[in-house]
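Colleague: Dumping the structure here so I can ask a few things about it.
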Amino acid sequence: MPDRTPNAAPHARTGRPTVTAGKRLGAHILEVASKNFLQHGYEGANMDEIATDAQVTKRTLYRRYGSKIGLFGAVIDHERTCFIEALVVQTEGTSVRERISVAAQNILDGFLTPKVIGFDRLKAEIERLVPDYSDNALQIVTSHWVDIIRETLLADPETAKYDNDEIEDIASLLLDTLVLAPRMRIRMLKILDNTPAAKSAHIDQALDLLAAGIPSLRR
């Protein structure tokens, strides 16, 4: 999730803003709100302060997002989109194994950035404070990367023997094994070092094991 700050905050204007100006203002508000939530936590975040920092009225915030939890949900959607767009996955050239390895390392690094970790903590706080809160941000992000891995696998004729459901299952297995499992080992279990060498070694070892049943992953 990249940290994008506008060169200048939007100023109050009279009349109805254009669609472009409205989108620009919306992005600015969400970026300001994102920083506020990360700095103060969900409970400590203040709509008055967010409005002041964004140079809009509190009425504007409530008109656009309805409530603080609505604003947070919009922030999550915005950050999810930025996160997906920020990670470039090479899907052409080199071998299927190399492309999947590089993609896995890039995605894993993205999941381990301070900003993403900060949002993990925020979501845990919100789930404690607002028991009925839920969003599907993680599911959307993981589905996106499963699709990328699936398309990479399809570039190899070896995958022709699998049907679409099997390829989808293999792509999901690869994401779980190469990204989500080492993320848990680094973040929660603390049994894997968060270093390029350790992450690369884990991914290579996992690919070697999986290659026994998935020819596309052989060296």
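To be explicit about the labels: the chains of the structure tokens are called A, B, and onward in the order shown, and within each one the residues are counted from 1, while ligands get numbers from 1 in the order they are shown.
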I'd like the neighbourhood of Ala201 in chain A as an mmCIF file with N, CA, C and O atoms, in the first residue's frame, where a residue qualifies if any of its atoms comes within 12 Å (using only C-alpha atoms), though same-chain residues fewer than 6 positions away should be ignored.

Modeller:
```cif
data_model
loop_
_atom_site.group_PDB
_atom_site.id
_atom_site.type_symbol
_atom_site.label_atom_id
_atom_site.label_comp_id
_atom_site.auth_asym_id
_atom_site.auth_seq_id
_atom_site.Cartn_x
_atom_site.Cartn_y
_atom_site.Cartn_z
ATOM 1 N N SER A 101 8.220 -17.516 -8.431
ATOM 2 C CA SER A 101 9.107 -17.217 -7.305
ATOM 3 C C SER A 101 9.222 -15.719 -7.074
ATOM 4 O O SER A 101 9.098 -15.233 -5.939
ATOM 5 N N GLN A 105 7.780 -13.524 -3.845
ATOM 6 C CA GLN A 105 8.631 -12.674 -3.014
ATOM 7 C C GLN A 105 8.097 -11.244 -2.973
ATOM 8 O O GLN A 105 8.084 -10.606 -1.909
ATOM 9 N N LEU A 178 3.615 -20.193 -0.504
ATOM 10 C CA LEU A 178 4.734 -19.294 -0.794
ATOM 11 C C LEU A 178 4.592 -17.914 -0.167
ATOM 12 O O LEU A 178 5.588 -17.200 -0.022
ATOM 13 N N PRO A 182 4.614 -18.326 4.973
ATOM 14 C CA PRO A 182 5.807 -17.640 5.504
ATOM 15 C C PRO A 182 5.474 -16.322 6.192
ATOM 16 O O PRO A 182 6.158 -15.931 7.147
ATOM 17 N N LEU A 192 10.720 -17.570 11.255
ATOM 18 C CA LEU A 192 11.369 -17.300 9.976
ATOM 19 C C LEU A 192 11.827 -15.856 9.993
ATOM 20 O O LEU A 192 11.062 -14.960 10.343
ATOM 21 N N ASP A 193 13.081 -15.628 9.625
ATOM 22 C CA ASP A 193 13.617 -14.267 9.625
ATOM 23 C C ASP A 193 13.034 -13.469 8.465
ATOM 24 O O ASP A 193 12.886 -13.991 7.350
ATOM 25 N N ASN A 194 12.739 -12.213 8.732
ATOM 26 C CA ASN A 194 12.220 -11.324 7.695
ATOM 27 C C ASN A 194 13.388 -10.691 6.950
ATOM 28 O O ASN A 194 13.615 -9.488 6.992
ATOM 29 N N THR A 195 14.156 -11.529 6.257
ATOM 30 C CA THR A 195 15.290 -11.075 5.459
ATOM 31 C C THR A 195 15.133 -11.622 4.042
ATOM 32 O O THR A 195 14.516 -12.688 3.855
ATOM 33 N N LEU A 207 9.076 -24.561 -3.395
ATOM 34 C CA LEU A 207 8.920 -24.871 -4.819
ATOM 35 C C LEU A 207 9.545 -26.216 -5.165
ATOM 36 O O LEU A 207 8.997 -26.969 -5.991
ATOM 37 N N ASP A 208 10.683 -26.529 -4.559
ATOM 38 C CA ASP A 208 11.321 -27.828 -4.811
ATOM 39 C C ASP A 208 10.400 -28.968 -4.384
ATOM 40 O O ASP A 208 10.269 -29.981 -5.084
#
```

Colleague: Please identify the helix (DSSP H, G or I) residues within range 71-155 of chain A (assignment by DSSP from backbone atoms) and present them as a JSON list (two decimals) with C-alpha atoms, in the first residue's frame.

Modeller:
```json
[["chain", "number", "residue", "atom", "x", "y", "z"],
["A", 71, "LEU", "CA", -14.98, 6.09, 6.48],
["A", 72, "PHE", "CA", -12.73, 3.30, 7.67],
["A", 73, "GLY", "CA", -14.34, 0.86, 5.22],
["A", 74, "ALA", "CA", -13.71, 3.34, 2.39],
["A", 75, "VAL", "CA", -10.08, 3.68, 3.53],
["A", 76, "ILE", "CA", -9.69, -0.11, 3.43],
["A", 77, "ASP", "CA", -11.09, -0.24, -0.12],
["A", 78, "HIS", "CA", -8.78, 2.60, -1.22],
["A", 79, "GLU", "CA", -5.69, 1.04, 0.34],
["A", 80, "ARG", "CA", -6.52, -2.37, -1.09],
["A", 81, "THR", "CA", -6.64, -0.91, -4.60],
["A", 82, "CYS", "CA", -3.35, 0.94, -4.08],
["A", 83, "PHE", "CA", -1.73, -2.22, -2.70],
["A", 84, "ILE", "CA", -2.70, -4.28, -5.73],
["A", 85, "GLU", "CA", -1.57, -1.58, -8.16],
["A", 86, "ALA", "CA", 1.76, -1.08, -6.37],
["A", 96, "VAL", "CA", 7.16, -20.37, -14.92],
["A", 97, "ARG", "CA", 9.01, -21.27, -11.73],
["A", 98, "GLU", "CA", 11.09, -18.08, -11.82],
["A", 99, "ARG", "CA", 8.05, -15.91, -12.47],
["A", 100, "ILE", "CA", 6.09, -17.48, -9.63],
["A", 101, "SER", "CA", 9.11, -17.22, -7.31],
["A", 102, "VAL", "CA", 9.59, -13.50, -8.03],
["A", 103, "ALA", "CA", 5.84, -12.85, -7.75],
["A", 104, "ALA", "CA", 5.70, -14.66, -4.40],
["A", 105, "GLN", "CA", 8.63, -12.67, -3.01],
["A", 106, "ASN", "CA", 7.11, -9.37, -4.14],
["A", 107, "ILE", "CA", 3.69, -10.20, -2.69],
["A", 108, "LEU", "CA", 5.22, -11.45, 0.58],
["A", 109, "ASP", "CA", 7.28, -8.27, 0.90],
["A", 110, "GLY", "CA", 4.13, -6.23, 0.27],
["A", 111, "PHE", "CA", 2.26, -8.04, 3.03],
["A", 114, "PRO", "CA", 4.75, -1.42, 8.13],
["A", 115, "LYS", "CA", 1.59, 0.03, 6.60],
["A", 116, "VAL", "CA", -0.02, -3.35, 5.95],
["A", 117, "ILE", "CA", 0.97, -4.55, 9.42],
["A", 118, "GLY", "CA", -0.55, -1.37, 10.83],
["A", 119, "PHE", "CA", -3.84, -2.10, 9.08],
["A", 120, "ASP", "CA", -3.78, -5.66, 10.41],
["A", 121, "ARG", "CA", -3.66, -4.22, 13.91],
["A", 122, "LEU", "CA", -6.40, -1.74, 13.10],
["A", 123, "LYS", "CA", -8.70, -4.47, 11.82],
["A", 124, "ALA", "CA", -8.07, -6.53, 14.95],
["A", 125, "GLU", "CA", -8.99, -3.47, 17.03],
["A", 126, "ILE", "CA", -12.17, -2.88, 15.05],
["A", 127, "GLU", "CA", -13.23, -6.51, 15.29],
["A", 128, "ARG", "CA", -12.95, -6.15, 19.07],
["A", 129, "LEU", "CA", -14.82, -2.84, 19.21],
["A", 137, "ALA", "CA", -10.40, -6.89, 1.51],
["A", 138, "LEU", "CA", -8.08, -9.83, 2.15],
["A", 139, "GLN", "CA", -10.24, -12.17, 0.08],
["A", 140, "ILE", "CA", -10.22, -9.72, -2.85],
["A", 141, "VAL", "CA", -6.44, -9.25, -2.64],
["A", 142, "THR", "CA", -5.71, -12.98, -2.40],
["A", 143, "SER", "CA", -8.15, -13.75, -5.24],
["A", 144, "HIS", "CA", -6.29, -11.22, -7.40],
["A", 145, "TRP", "CA", -2.94, -12.92, -6.77],
["A", 146, "VAL", "CA", -4.40, -16.40, -7.26],
["A", 147, "ASP", "CA", -5.56, -15.22, -10.70],
["A", 148, "ILE", "CA", -2.05, -13.93, -11.50],
["A", 149, "ILE", "CA", -0.47, -17.25, -10.48],
["A", 150, "ARG", "CA", -3.09, -19.19, -12.43],
["A", 151, "GLU", "CA", -2.39, -17.19, -15.59],
["A", 152, "THR", "CA", 1.34, -17.80, -15.11],
["A", 153, "LEU", "CA", 0.77, -21.55, -14.79],
["A", 154, "LEU", "CA", -1.36, -21.56, -17.94]]
```

Colleague: Pick from A:Ala160, A:Thr18, A:Met184, A:Thr177: nearest to Asp204 in chain A, with only C-alpha atoms counted?

Modeller: A:Thr177

Colleague: I need the residue nearest Leu30 in chain A from this list: A:Tyr133, A:Tyr42, A:Tyr162, A:Tyr65. Use only C-alpha atoms for the distance.

Modeller: A:Tyr65

Colleague: With a distance cut-off of 9 Å and only C-alpha atoms, select the neighbouring residues of Ala51 in chain A, excluding the residue or stretch itself and same-chain residues fewer than 4 positions from it, and output the selection as a list in words.

Modeller: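 Neighbouring residues, sequence-local ones excluded: Ile29, Val32, Ala33, Asn46, Met47, Gln55, Val56, Thr57, Lys58, Arg59, Thr60 and Leu61 of chain A.
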